[in-house]
file my_file23.cif (mmCIF, C-alpha atoms)
data_query
loop_
_atom_site.label_atom_id
_atom_site.label_comp_id
_atom_site.auth_asym_id
_atom_site.auth_seq_id
_atom_site.Cartn_x
_atom_site.Cartn_y
_atom_site.Cartn_z
CA MET A 864 -45.40 -26.39 -6.63
CA ASN A 865 -44.98 -27.38 -2.98
CA PRO A 866 -42.95 -25.08 -0.67
CA GLU A 867 -39.78 -27.14 -1.10
CA GLU A 868 -40.02 -27.14 -4.88
CA GLU A 869 -40.68 -23.43 -4.86
CA ASN A 870 -37.64 -22.95 -2.64
CA THR A 871 -35.41 -24.85 -5.07
CA TYR A 872 -36.86 -22.80 -7.92
CA ILE A 873 -36.00 -19.53 -6.14
CA GLU A 874 -32.52 -20.73 -5.23
CA ASP A 875 -31.83 -21.75 -8.81
CA TYR A 876 -32.92 -18.32 -10.00
CA LEU A 877 -30.83 -16.42 -7.44
CA LEU A 878 -27.76 -18.55 -8.07
CA GLY A 879 -28.13 -18.10 -11.82
CA HIS A 880 -28.91 -21.75 -12.59
CA LEU A 881 -31.95 -21.09 -14.77
CA SER A 882 -31.95 -20.84 -18.56
CA LYS A 883 -32.95 -17.59 -20.26
CA THR A 884 -36.49 -18.85 -20.93
CA GLU A 885 -36.88 -20.18 -17.40
CA GLU A 886 -35.65 -16.86 -16.05
CA ALA A 887 -38.22 -14.98 -18.10
CA SER A 888 -41.10 -17.07 -16.83
CA PHE A 889 -39.72 -16.77 -13.28
CA GLU A 890 -39.75 -12.98 -13.54
CA LYS A 891 -43.22 -13.05 -15.02
CA ARG A 892 -44.46 -14.94 -11.98
CA MET A 893 -42.69 -12.40 -9.71
CA SER A 894 -44.59 -9.56 -11.30
CA GLU A 895 -47.92 -11.32 -10.85
CA ASP A 896 -47.58 -13.03 -7.48
CA ILE A 897 -46.82 -10.61 -4.62
CA ARG A 898 -46.23 -13.34 -2.01
CA PHE A 899 -43.81 -15.13 -4.34
CA ARG A 900 -42.06 -11.87 -5.14
CA GLU A 901 -41.58 -11.03 -1.48
CA SER A 902 -40.12 -14.44 -0.80
CA VAL A 903 -37.62 -14.00 -3.64
CA LEU A 904 -36.62 -10.51 -2.58
CA ILE A 905 -35.98 -11.35 1.05
CA GLN A 906 -33.72 -14.20 0.00
CA LYS A 907 -31.90 -11.97 -2.45
CA GLN A 908 -31.32 -9.43 0.30
CA LEU A 909 -29.98 -12.11 2.61
CA PHE A 910 -27.53 -13.21 -0.10
CA ASP A 911 -26.37 -9.59 -0.35
CA ALA A 912 -26.42 -8.60 3.30
CA LEU A 913 -24.85 -11.53 5.09
CA PRO A 914 -21.47 -12.13 3.39
CA GLU A 915 -18.79 -9.69 4.58
CA ASN A 916 -17.69 -8.78 1.07
CA ASN A 917 -21.13 -7.71 -0.04
CA TRP A 918 -23.87 -5.28 0.85
CA SER A 919 -27.59 -5.18 0.33
CA SER A 920 -28.59 -1.85 -1.10
CA ALA A 921 -32.10 -0.47 -0.96
CA GLU A 922 -33.53 -0.57 -4.45
CA ASN A 923 -37.25 -0.19 -4.47
CA VAL A 924 -38.33 0.77 -0.97
CA ALA A 925 -40.95 2.94 0.66
CA GLU A 926 -40.13 6.47 -0.37
CA LYS A 927 -41.78 7.83 2.78
CA ARG A 928 -39.08 6.40 5.04
CA ILE A 929 -36.23 7.62 2.86
CA GLN A 930 -37.68 11.11 2.69
CA GLU A 931 -38.08 11.15 6.42
CA TYR A 932 -34.37 10.47 6.82
CA GLU A 933 -33.44 12.93 4.13
CA ALA A 934 -35.29 15.66 6.00
CA LEU A 935 -33.54 14.74 9.22
CA TYR A 936 -30.13 14.89 7.52
CA ARG A 937 -30.97 18.32 6.19
CA ASP A 938 -32.27 19.91 9.36
CA LYS A 939 -30.45 22.44 11.52
CA GLU A 940 -29.59 20.14 14.40
CA THR A 941 -27.89 17.61 12.14
CA LEU A 942 -25.96 20.32 10.34
CA GLN A 943 -24.79 21.67 13.69
CA LEU A 944 -23.65 18.22 14.74
CA LYS A 945 -21.84 17.87 11.42
CA GLU A 946 -19.97 21.11 12.12
CA THR A 947 -19.03 19.89 15.58
CA LEU A 948 -17.78 16.59 14.15
CA LYS A 949 -15.69 18.43 11.56
CA ASN A 950 -14.15 20.64 14.23
CA VAL A 951 -13.42 17.79 16.60
CA ASN A 952 -11.84 15.85 13.76
CA ARG A 953 -9.69 18.81 12.77
CA THR A 954 -8.42 19.23 16.33
CA TYR A 955 -7.87 15.50 16.66
CA GLN A 956 -5.90 15.27 13.40
CA LYS A 957 -3.83 18.32 14.32
CA LYS A 958 -2.95 16.90 17.71
CA ASN A 959 -2.16 13.59 16.10
CA SER A 960 0.06 15.02 13.40
CA LYS A 961 1.79 17.19 16.02
CA SER A 962 2.71 14.15 18.05
CA THR A 963 3.72 12.40 14.82
CA ARG A 964 5.81 15.43 13.87
CA VAL A 965 7.50 15.51 17.28
CA TRP A 966 8.23 11.83 16.98
CA LEU A 967 9.50 12.28 13.41
CA PHE A 968 11.69 15.17 14.55
CA TYR A 969 13.43 13.07 17.19
CA ALA A 970 13.65 10.08 14.92
CA SER A 971 15.23 12.07 12.10
CA ALA A 972 17.60 13.83 14.51
CA ALA A 973 18.73 10.44 15.78
CA LEU A 974 19.09 9.16 12.24
CA ILE A 975 21.20 12.14 11.18
CA ALA A 976 23.43 11.64 14.21
CA ILE A 977 23.91 8.00 13.26
CA ILE A 978 24.68 8.87 9.65
CA ILE A 979 27.20 11.52 10.72
CA SER A 980 29.00 9.23 13.11
CA ILE A 981 29.13 6.44 10.54
CA GLY A 982 30.46 8.96 8.03
CA VAL A 983 33.16 10.08 10.44
CA LEU A 984 34.14 6.53 11.23
CA MET A 985 34.14 5.48 7.61
CA SER A 986 35.89 8.36 5.93
CA GLY A 987 37.26 11.08 8.13
CA PRO A 988 38.55 14.14 6.30
CA GLN A 989 39.73 13.18 2.86
CA ASN A 990 43.51 13.17 2.87
CA VAL A 991 46.04 13.17 0.09
CA GLN A 992 46.69 9.45 0.33
CA GLU A 993 43.02 8.78 -0.23
CA LEU A 994 42.96 11.03 -3.24
CA TYR A 995 45.73 8.90 -4.63
CA VAL A 996 43.61 5.79 -4.12
CA ASP A 997 40.59 7.48 -5.64
CA TYR A 998 42.38 8.61 -8.76
CA TYR A 999 44.77 5.72 -9.24
CA ASP A 1000 43.25 3.83 -12.13
CA THR A 1001 45.30 1.77 -14.54
CA SER A 1002 42.36 0.40 -16.47
CA ASP A 1003 42.98 2.75 -19.39
CA ILE A 1004 46.70 2.32 -19.81
CA PRO A 1005 47.74 0.68 -23.06
CA SER A 1006 48.67 -2.95 -23.15
CA LEU A 1007 52.34 -3.89 -23.17
CA VAL A 1008 51.68 -6.31 -25.94
CA THR A 1009 51.01 -4.71 -29.29
CA ARG A 1010 48.61 -6.56 -31.44
CA GLY A 1011 49.98 -7.89 -34.65
CA VAL A 1012 53.49 -7.95 -33.33
CA LYS A 1013 55.23 -11.25 -32.78
CA GLU A 1014 54.27 -12.51 -29.37
CA ASP A 1015 56.60 -11.56 -26.60
CA THR A 1016 55.99 -14.04 -23.80
CA LEU A 1017 58.08 -12.06 -21.38
CA LEU A 1018 56.00 -8.94 -21.83
CA ILE A 1019 52.81 -10.96 -21.62
CA ASN A 1020 54.01 -12.32 -18.29
CA ALA A 1021 54.99 -8.85 -17.11
CA GLU A 1022 51.55 -7.50 -17.86
CA ARG A 1023 49.92 -10.43 -16.12
CA TYR A 1024 52.09 -9.92 -13.01
CA PHE A 1025 51.24 -6.21 -13.11
CA GLU A 1026 47.51 -6.92 -13.28
CA GLU A 1027 47.80 -9.36 -10.40
CA GLY A 1028 49.59 -6.74 -8.32
CA LYS A 1029 52.85 -8.70 -8.35
CA TYR A 1030 54.87 -5.57 -9.05
CA GLN A 1031 58.26 -7.00 -8.05
CA GLU A 1032 57.94 -9.84 -10.55
CA ALA A 1033 56.73 -7.42 -13.20
CA LEU A 1034 59.63 -5.09 -12.51
CA THR A 1035 62.27 -7.80 -12.93
CA ILE A 1036 61.06 -8.43 -16.47
CA LEU A 1037 60.48 -4.75 -17.27
CA ASP A 1038 63.94 -3.71 -16.05
CA ALA A 1039 65.53 -6.28 -18.32
CA LYS A 1040 63.32 -5.35 -21.24
CA ILE A 1041 63.96 -1.63 -21.04
CA GLU A 1042 67.61 -2.22 -21.93
CA THR A 1043 66.87 -4.19 -25.06
CA THR A 1044 63.75 -2.48 -26.38
CA THR A 1045 63.49 0.44 -28.67
CA LYS A 1046 59.92 0.03 -29.85
CA ASN A 1047 56.99 0.33 -27.47
CA LYS A 1048 59.35 1.76 -24.87
CA ALA A 1049 56.81 4.25 -23.49
CA SER A 1050 54.49 1.50 -22.33
CA ILE A 1051 57.32 -0.33 -20.65
CA LEU A 1052 58.34 2.86 -18.88
CA LEU A 1053 54.77 3.44 -17.78
CA TYR A 1054 54.38 -0.04 -16.34
CA LYS A 1055 57.83 0.21 -14.76
CA GLY A 1056 57.08 3.58 -13.13
CA ILE A 1057 53.70 2.50 -11.78
CA SER A 1058 55.21 -0.71 -10.42
CA GLU A 1059 57.94 1.25 -8.67
CA MET A 1060 55.40 3.69 -7.31
CA GLU A 1061 53.28 0.85 -5.96
CA LEU A 1062 56.34 -0.63 -4.34
CA ASN A 1063 57.03 2.75 -2.72
CA GLN A 1064 60.30 3.11 -4.64
CA PHE A 1065 59.54 6.77 -5.00
CA GLN A 1066 62.90 7.98 -6.30
CA LYS A 1067 63.06 5.30 -8.97
CA ALA A 1068 59.45 5.94 -9.99
CA HIS A 1069 60.16 9.64 -10.23
CA THR A 1070 63.08 9.01 -12.59
CA THR A 1071 61.05 6.60 -14.70
CA PHE A 1072 58.08 8.99 -15.10
CA ASP A 1073 60.53 11.76 -16.02
CA GLN A 1074 62.06 9.53 -18.65
CA LEU A 1075 58.60 8.83 -19.99
CA SER A 1076 57.65 12.51 -20.12
CA ASN A 1077 60.81 13.35 -21.95
CA THR A 1078 60.33 10.87 -24.76
CA ASP A 1079 58.51 12.02 -27.82
CA LEU A 1080 56.37 8.93 -27.73
CA MET A 1081 52.60 8.86 -27.81
CA ASP A 1082 52.27 7.75 -24.22
CA ALA A 1083 54.60 10.47 -22.97
CA PRO A 1084 51.79 12.69 -21.57
CA MET A 1085 50.81 9.92 -19.19
CA GLY A 1086 54.13 10.52 -17.40
CA ALA A 1087 52.91 13.86 -16.07
CA TRP A 1088 49.69 12.45 -14.68
CA TYR A 1089 51.41 9.56 -12.94
CA LYS A 1090 54.07 11.85 -11.54
CA ALA A 1091 51.29 13.92 -10.00
CA LEU A 1092 49.85 10.75 -8.49
CA LEU A 1093 53.32 9.83 -7.27
CA TYR A 1094 53.54 13.11 -5.38
CA LEU A 1095 50.18 12.40 -3.80
CA LYS A 1096 51.44 9.06 -2.68
CA MET A 1097 54.56 10.71 -1.34
CA ASP A 1098 52.29 13.08 0.57
CA ASP A 1099 53.57 16.09 -1.28
CA PRO A 1100 50.42 17.84 -2.51
CA GLU A 1101 52.25 21.04 -3.44
CA LYS A 1102 54.39 19.35 -6.06
CA ALA A 1103 51.37 17.39 -7.25
CA LYS A 1104 49.48 20.65 -7.69
CA THR A 1105 52.22 22.14 -9.89
CA ILE A 1106 51.99 19.24 -12.30
CA LEU A 1107 48.18 19.18 -12.23
CA GLN A 1108 48.10 22.87 -13.04
CA GLU A 1109 50.24 22.17 -16.10
CA ILE A 1110 47.89 19.40 -17.20
CA SER A 1111 44.84 21.58 -16.66
CA THR A 1112 46.11 24.31 -18.99
CA SER A 1113 44.88 22.45 -22.03
CA SER A 1114 41.80 20.34 -22.40
CA SER A 1115 43.64 18.12 -24.89
CA ASN A 1116 45.99 16.92 -22.18
CA TYR A 1117 45.72 13.40 -20.82
CA LYS A 1118 43.44 13.30 -17.76
CA TYR A 1119 42.58 16.98 -18.13
CA THR A 1120 39.19 16.65 -16.39
CA GLU A 1121 40.56 14.57 -13.54
CA ALA A 1122 43.45 17.00 -13.07
CA LYS A 1123 41.09 19.94 -12.68
CA GLU A 1124 38.89 17.99 -10.30
CA LEU A 1125 41.84 16.90 -8.21
CA LEU A 1126 43.17 20.44 -8.05
CA GLU A 1127 39.91 21.60 -6.55
CA LYS A 1128 40.06 18.93 -3.89
CA LEU A 1129 43.64 19.70 -2.91
CA MET B 855 -15.10 3.39 28.10
CA LEU B 856 -18.01 5.48 26.92
CA ASP B 857 -21.38 5.01 28.59
CA ASN B 858 -23.96 4.20 25.90
CA THR B 859 -26.63 6.67 27.00
CA GLU B 860 -24.07 9.37 27.67
CA ALA B 861 -22.59 8.87 24.21
CA LEU B 862 -25.97 8.98 22.44
CA ASN B 863 -26.93 12.10 24.34
CA ALA B 864 -23.63 13.73 23.46
CA LEU B 865 -24.51 13.30 19.79
CA LEU B 866 -27.90 14.90 20.34
CA GLU B 867 -26.49 17.75 22.38
CA ASN B 868 -23.42 18.49 20.30
CA ASP B 869 -21.13 17.79 23.23
CA ALA B 870 -17.69 18.34 21.71
CA LYS B 871 -15.87 17.06 24.79
CA VAL B 872 -17.52 13.63 24.76
CA ILE B 873 -17.37 13.51 20.96
CA SER B 874 -13.61 14.08 21.02
CA VAL B 875 -13.32 11.02 23.27
CA MET B 876 -15.14 9.06 20.53
CA TYR B 877 -12.59 10.27 18.00
CA SER B 878 -9.58 9.31 20.06
CA LYS B 879 -11.04 5.93 21.13
CA ILE B 880 -12.81 4.66 18.03
CA LEU B 881 -11.42 6.41 14.95
CA PRO B 882 -7.99 4.68 15.11
CA LYS B 883 -9.70 1.28 14.85
CA VAL B 884 -11.83 2.46 11.94
CA GLN B 885 -8.73 3.82 10.21
CA LYS B 886 -6.98 0.51 10.60
CA PHE B 887 -9.97 -1.36 9.17
CA VAL B 888 -10.47 0.98 6.21
CA ILE B 889 -6.78 1.08 5.32
CA GLN B 890 -6.60 -2.71 5.46
CA ASN B 891 -9.56 -2.81 3.09
CA LYS B 892 -8.46 -0.74 0.08
CA GLY B 893 -9.15 2.62 1.71
CA GLN B 894 -7.23 5.61 2.93
CA GLN B 895 -7.07 7.79 6.00
CA VAL B 896 -9.51 10.35 4.53
CA ASP B 897 -12.03 7.61 3.73
CA ALA B 898 -11.91 6.52 7.35
CA GLU B 899 -12.53 10.08 8.58
CA ASP B 900 -15.43 10.46 6.17
CA ILE B 901 -16.98 7.12 7.11
CA PHE B 902 -16.58 7.84 10.82
CA GLN B 903 -18.36 11.18 10.53
CA LYS B 904 -21.17 9.60 8.52
CA ALA B 905 -21.60 6.80 11.06
CA LEU B 906 -21.94 9.24 13.96
CA LEU B 907 -24.42 11.36 11.99
CA GLN B 908 -26.35 8.22 11.09
CA ILE B 909 -26.62 7.12 14.70
CA ALA B 910 -27.71 10.61 15.77
CA VAL B 911 -30.37 10.83 13.07
CA ARG B 912 -31.73 7.38 13.82
CA TYR B 913 -31.83 8.11 17.53
CA ARG B 914 -33.68 11.34 16.94
CA ARG B 915 -36.22 9.64 14.73
CA GLU B 916 -36.80 6.86 17.22
CA PRO B 917 -34.72 6.36 20.39
CA PHE B 918 -33.23 2.88 20.61
CA GLN B 919 -31.05 0.87 22.95
CA ILE B 920 -27.57 -0.21 22.03
CA LYS B 921 -27.13 -3.76 23.23
CA SER B 922 -23.38 -3.96 22.67
CA SER B 923 -20.88 -1.27 23.69
CA PHE B 924 -21.15 2.11 22.01
CA GLU B 925 -17.67 1.62 20.53
CA ALA B 926 -18.56 -1.74 18.97
CA TYR B 927 -21.80 -0.27 17.63
CA VAL B 928 -20.07 2.66 15.94
CA PHE B 929 -17.39 0.37 14.57
CA THR B 930 -20.00 -1.93 12.99
CA ALA B 931 -21.79 1.05 11.48
CA CYS B 932 -18.46 2.22 10.00
CA LYS B 933 -17.65 -1.24 8.71
CA ASN B 934 -21.02 -1.44 6.97
CA LEU B 935 -20.70 2.03 5.46
CA TRP B 936 -17.34 1.00 4.08
CA ARG B 937 -18.73 -2.29 2.72
CA ARG B 938 -21.43 -0.24 1.07
CA GLU B 939 -18.87 2.13 -0.41
CA LEU B 940 -16.77 -0.72 -1.81
CA ASN B 941 -19.87 -2.39 -3.19
CA LYS B 942 -20.97 0.84 -4.84
CA ASN B 943 -17.61 1.06 -6.57
CA LYS B 944 -17.93 -2.54 -7.68
CA ILE B 945 -21.30 -1.82 -9.26
CA ARG B 946 -19.99 1.40 -10.77
CA VAL B 947 -17.20 -0.48 -12.48
CA THR B 948 -19.39 -3.26 -13.83
CA ASP B 949 -22.43 -1.27 -14.81
CA ASP B 950 -22.52 2.48 -15.22
CA ALA B 951 -26.24 2.43 -15.84
CA ILE B 952 -26.93 1.33 -12.27
CA LEU B 953 -25.19 4.39 -10.94
CA GLU B 954 -27.69 7.00 -9.99
CA LEU B 955 -26.45 10.37 -8.94
CA HIS B 956 -27.97 11.01 -5.57
CA HIS B 957 -27.33 14.07 -3.58
CA GLU B 958 -25.56 13.53 -0.30
CA GLU B 959 -28.59 13.56 2.01
CA ARG B 960 -30.45 11.06 -0.09
CA ASP B 961 -27.45 8.78 -0.18
CA MET B 962 -27.11 8.98 3.58
CA ALA B 963 -30.83 8.33 3.98
CA LEU B 964 -30.53 5.20 1.85
CA ALA B 965 -27.44 4.09 3.80
CA THR B 966 -29.36 4.52 7.04
CA PHE B 967 -32.26 2.49 5.73
CA GLU B 968 -29.89 -0.26 4.58
CA GLN B 969 -28.14 -0.30 7.93
CA GLU B 970 -31.48 -0.72 9.72
CA ARG B 971 -32.42 -3.60 7.47
CA TRP B 972 -29.01 -5.21 7.97
CA GLU B 973 -29.47 -4.93 11.74
CA LEU B 974 -32.86 -6.64 11.54
CA PHE B 975 -31.41 -9.49 9.45
CA THR B 976 -28.36 -10.08 11.63
CA GLU B 977 -30.36 -9.78 14.84
CA LYS B 978 -32.70 -12.52 13.65
CA LEU B 979 -29.84 -14.65 12.39
CA GLU B 980 -28.15 -14.40 15.79
CA ALA B 981 -31.40 -15.46 17.47
CA ILE B 982 -31.82 -18.82 15.68
CA SER B 983 -29.99 -22.02 16.68
CA GLU B 984 -26.21 -22.24 16.36
CA ASN B 985 -26.56 -25.04 13.86
CA CYS B 986 -28.97 -23.12 11.62
CA LYS B 987 -26.79 -20.03 11.86
CA LYS B 988 -23.79 -22.00 10.67
CA ILE B 989 -25.67 -23.58 7.76
CA LEU B 990 -27.22 -20.29 6.65
CA LYS B 991 -23.91 -18.44 6.77
CA LEU B 992 -22.53 -21.06 4.42
CA PHE B 993 -25.59 -21.01 2.20
CA PHE B 994 -25.89 -17.23 1.88
CA GLY B 995 -22.13 -17.11 1.39
CA LYS B 996 -22.89 -19.07 -1.82
CA VAL B 997 -21.13 -22.20 -0.67
CA SER B 998 -22.32 -25.12 -2.83
CA TYR B 999 -24.54 -27.89 -1.39
CA GLU B 1000 -21.78 -30.34 -2.20
CA ARG B 1001 -19.45 -28.42 0.07
CA ILE B 1002 -22.12 -27.88 2.77
CA VAL B 1003 -22.55 -31.68 2.93
CA LYS B 1004 -18.84 -32.06 3.69
CA VAL B 1005 -18.52 -29.15 6.13
CA MET B 1006 -21.61 -30.10 8.12
CA GLY B 1007 -21.03 -33.84 7.85
CA TYR B 1008 -24.41 -34.64 6.28
CA SER B 1009 -25.08 -38.00 4.66
CA SER B 1010 -26.34 -36.55 1.37
CA GLU B 1011 -27.17 -33.44 -0.57
CA THR B 1012 -30.87 -34.09 -0.03
CA VAL B 1013 -30.35 -33.84 3.72
CA ALA B 1014 -28.38 -30.62 3.23
CA ARG B 1015 -31.15 -29.14 1.09
CA GLN B 1016 -33.77 -30.04 3.68
CA ARG B 1017 -31.72 -28.48 6.49
CA VAL B 1018 -31.11 -25.28 4.56
CA PHE B 1019 -34.77 -25.05 3.68
CA LYS B 1020 -35.87 -25.46 7.28
CA CYS B 1021 -33.37 -22.95 8.63
CA LYS B 1022 -34.14 -20.45 5.90
CA THR B 1023 -37.85 -20.70 6.61
CA LYS B 1024 -37.21 -20.09 10.30
CA LEU B 1025 -35.09 -17.05 9.56
CA THR B 1026 -37.41 -15.46 7.01
CA GLN B 1027 -40.40 -16.03 9.27
CA ALA B 1028 -38.59 -14.36 12.16
CA ILE B 1029 -37.76 -11.41 9.93
CA THR B 1030 -41.15 -10.97 8.31
CA SER B 1031 -43.06 -11.25 11.56
CA ASP B 1032 -41.05 -8.44 13.14
CA HIS B 1033 -42.96 -5.12 13.12
CA ARG B 1034 -39.88 -3.30 11.71
CA TYR B 1035 -39.94 -5.40 8.56
CA ASN B 1036 -42.97 -3.76 6.99
CA SER B 1037 -41.27 -0.46 6.48
CA LEU B 1038 -37.95 -2.07 5.51
CA LYS B 1039 -39.04 -4.47 2.77
CA GLU B 1040 -38.55 -4.06 -0.95
CA LEU B 1041 -41.71 -3.23 -2.81
#

call {"tool": "encode", "arguments": {"input": "my_file23.cif", "output": "C-alpha cells"}}
result
Amino acid sequence: MNPEEENTYIEDYLLGHLSKTEEASFEKRMSEDIRFRESVLIQKQLFDALPENNWSSAENVAEKRIQEYEALYRDKETLQLKETLKNVNRTYQKKNSKSTRVWLFYASAALIAIIISIGVLMSGPQNVQELYVDYYDTSDIPSLVTRGVKEDTLLINAERYFEEGKYQEALTILDAKIETTTKNKASILLYKGISEMELNQFQKAHTTFDQLSNTDLMDAPMGAWYKALLYLKMDDPEKAKTILQEISTSSSNYKYTEAKELLEKL
Amino acid sequence: MLDNTEALNALLENDAKVISVMYSKILPKVQKFVIQNKGQQVDAEDIFQKALLQIAVRYRREPFQIKSSFEAYVFTACKNLWRRELNKNKIRVTDDAILELHHEERDMALATFEQERWELFTEKLEAISENCKKILKLFFGKVSYERIVKVMGYSSETVARQRVFKCKTKLTQAITSDHRYNSLKEL
C-alpha cells in the first residue's frame, strides 16, 4: 500500500465507508502497526477537534500528564484561587442583580403609572349609567313569536326591529298589538317597555313595566328587573336599590344573582 | 483592556481586584455565547471559573505566552470547555457505557490536556497556507469530495483527493514534529 492508498484506506475507515469485515481487518492492523495506528488516531482527533460542533476528548493518553494536572488542581494555591473566583463572582452577580433590580423597579413603576393613567382615561369611576350598560342584556328574554303558533308576521317584524335597535319601528307594531292581544301579552309588554326605555321615554317605560309586573303571567317577574334598570338609566340609584332589594330577598327571583351583585356596586 | 502578563500574574497571586475586572469584562461575552448555545447563566459562570483555573494551572506548570489578547484567550478557553460539555452530553445520550464517572479534578485535568492538544492542532493549522487551511477545514468538517471539488473549483475528484492528501500530510507532519506532541498523543 503506497501512502496515498493508505490515506484513502484511513479516510474510508474514519468516514464509516468500510464493511464490517474490512473494519475488522483495519482494526487488526491498527493493533499491530504502531506507525499506522498513530496516523489513524491523529486524523481522528483532527476530525473531532476542528469542527465547531465537536470536540476531541482525551481517551487513551499518558497518565503521567493527567495526574500532574490533577495534583495541581488539588493543591492549596489552586483551591485558594477557586475561593477568590467564587467570591468575586458572588460580588459581581450581586452588583449586577442590584442594577437589574433598580432598573426593574423604575421600569415597573413607569409601567404601573401608565396602566393607572390608561385605566383612568378608559373608565373613570363607575357610574350608574355604566352599570345600566353593564347589566342591560336582552339576550335571555323570550321571543315574541311562540313556536307552534300560527305565524304572526307583524310580531316577527317587531322582534327583528327590536334586535336591530330600531325601537321606534318596533314600538309602532307593539303598541298596536297590545290592544288586540290577549295571549303572549307579557312578552309584548316586555319588548314595549324595553323599547321605550331605550328611547328614553322613561314615564311610558315605567308604566309598561308596572303593567307587566302586575300581570299574573310567567314573564311578570322580569318587570321588576327592568324597572330597576330603568331607574339606573334615569340616574335614580335609590329607587333602583329598593327594587333590587326586593329581588334579592329570594334566590328564586329572576336575576337574583345579578340583583345582589348590582346592589353591592351601588 | 487587561495586560496579558498582569492578568496571568493576578491569577497566580489571587489578586481579587484584577480578577473582578476579568469578570466584568469577559463574563458577559461568555454568558451570551453559552446562552445562545443551549446553556444557561449558571453554566456560563461555571465554565468561566473553570477556564480561569485552567489557565492558572497551566501557567503554573509551565509559563507560556499568550499571543492574542487575554480576553480573547479566556473566551476561546470558555468556548472550548462549553463545546466539550455539549459533546459530553451528546455521548451520554447516545451511549451510557462511554460515560465514566470522573471526579472533578480528573475531569478538569482531562479538559486541560484536551485544550492543550486543541491549541497545538489549531496553531499548526493556522501556520499552513491559506489554501490548505481552507481545504482541510472542509475535509475535517466532513464535507464530501464531490462538494470540495465544487467549492474549490477543482477539475475532478482525483485532484481534490490529491490536494487534501498533500495538505493533510503537511499538517500532520507539522503537528508530530512539534516537541509538545509527544506528551499529547493518544497511545

call {"tool": "resolve_selection", "arguments": {"input": "my_file23.cif", "expression": "the PyMOL selection byres ((chain B) within 8 of (chain A))", "output": "ChimeraX atom specification"}}
result
/B:865-866,868,870,873-874,877-878,899,903,907,910-911,915,934,937-938,941,959-960,962-968,972,975-976,991,994-996,1019,1026,1037-1041

call {"tool": "closest_residue", "arguments": {"input": "my_file23.cif", "among": "B:Ile920, B:Asn943, B:Lys933, B:Ile1029", "to": "Glu980 of chain B", "atoms": "only C-alpha atoms"}}
result
B:Ile1029

call {"tool": "atom_distance", "arguments": {"input": "my_file23.cif", "atom1": "atom CA of Gln1031 of chain A", "atom2": "atom CA of Glu1061 of chain A"}}
result
9.5 Å

call {"tool": "closest_residue", "arguments": {"input": "my_file23.cif", "among": "B:Gly1007, B:Ser923, B:Asp1032, B:Tyr913", "to": "Arg971 of chain B", "atoms": "all atoms listed in the file"}}
result
B:Asp1032

call {"tool": "closest_residue", "arguments": {"input": "my_file23.cif", "among": "A:Met1081, A:Val965, A:Leu1093, A:Ile1036", "to": "Ile1057 of chain A", "atoms": "only C-alpha atoms"}}
result
A:Leu1093

call {"tool": "atom_distance", "arguments": {"input": "my_file23.cif", "atom1": "atom CA of Leu994 of chain A", "atom2": "atom CA of Leu1080 of chain A"}}
result
28.0 Å

call {"tool": "atom_distance", "arguments": {"input": "my_file23.cif", "atom1": "atom CA of Asn985 of chain B", "atom2": "atom CA of Ser922 of chain B"}}
result
23.1 Å

call {"tool": "closest_residue", "arguments": {"input": "my_file23.cif", "among": "B:Glu867, B:Leu974, B:Glu925, B:Ala905", "to": "His1033 of chain B", "atoms": "all atoms listed in the file"}}
result
B:Leu974

call {"tool": "decode", "arguments": {"input": "my_file23.cif", "residues": "segment 960-972 of chain A", "atoms": "N, CA and C atoms", "output": "compact mmCIF listing (two decimals), in the first residue's frame"}}
result
# COMPACT_ATOMS: atom_id res chain seq x y z
N SER A 960 -27.26 42.09 39.77
CA SER A 960 -28.69 41.93 40.02
C SER A 960 -29.23 43.19 40.70
N LYS A 961 -28.35 43.89 41.47
CA LYS A 961 -28.81 45.13 42.09
C LYS A 961 -29.13 46.14 41.00
N SER A 962 -28.23 46.27 40.05
CA SER A 962 -28.52 47.25 38.99
C SER A 962 -29.72 46.81 38.16
N THR A 963 -29.87 45.48 38.01
CA THR A 963 -31.05 44.98 37.29
C THR A 963 -32.30 45.29 38.09
N ARG A 964 -32.19 45.07 39.44
CA ARG A 964 -33.35 45.33 40.29
C ARG A 964 -33.76 46.79 40.24
N VAL A 965 -32.72 47.70 40.31
CA VAL A 965 -33.02 49.13 40.27
C VAL A 965 -33.72 49.46 38.96
N TRP A 966 -33.19 48.90 37.90
CA TRP A 966 -33.77 49.15 36.58
C TRP A 966 -35.20 48.61 36.53
N LEU A 967 -35.38 47.39 37.07
CA LEU A 967 -36.71 46.77 37.08
C LEU A 967 -37.68 47.60 37.91
N PHE A 968 -37.16 48.16 39.03
CA PHE A 968 -38.01 48.97 39.90
C PHE A 968 -38.55 50.17 39.13
N TYR A 969 -37.66 50.89 38.45
CA TYR A 969 -38.11 52.06 37.71
C TYR A 969 -39.02 51.68 36.56
N ALA A 970 -38.66 50.60 35.90
CA ALA A 970 -39.46 50.16 34.76
C ALA A 970 -40.86 49.78 35.21
N SER A 971 -40.96 49.04 36.35
CA SER A 971 -42.29 48.63 36.77
C SER A 971 -43.08 49.81 37.31
N ALA A 972 -42.37 50.77 37.96
CA ALA A 972 -43.07 51.97 38.44
C ALA A 972 -43.67 52.71 37.25
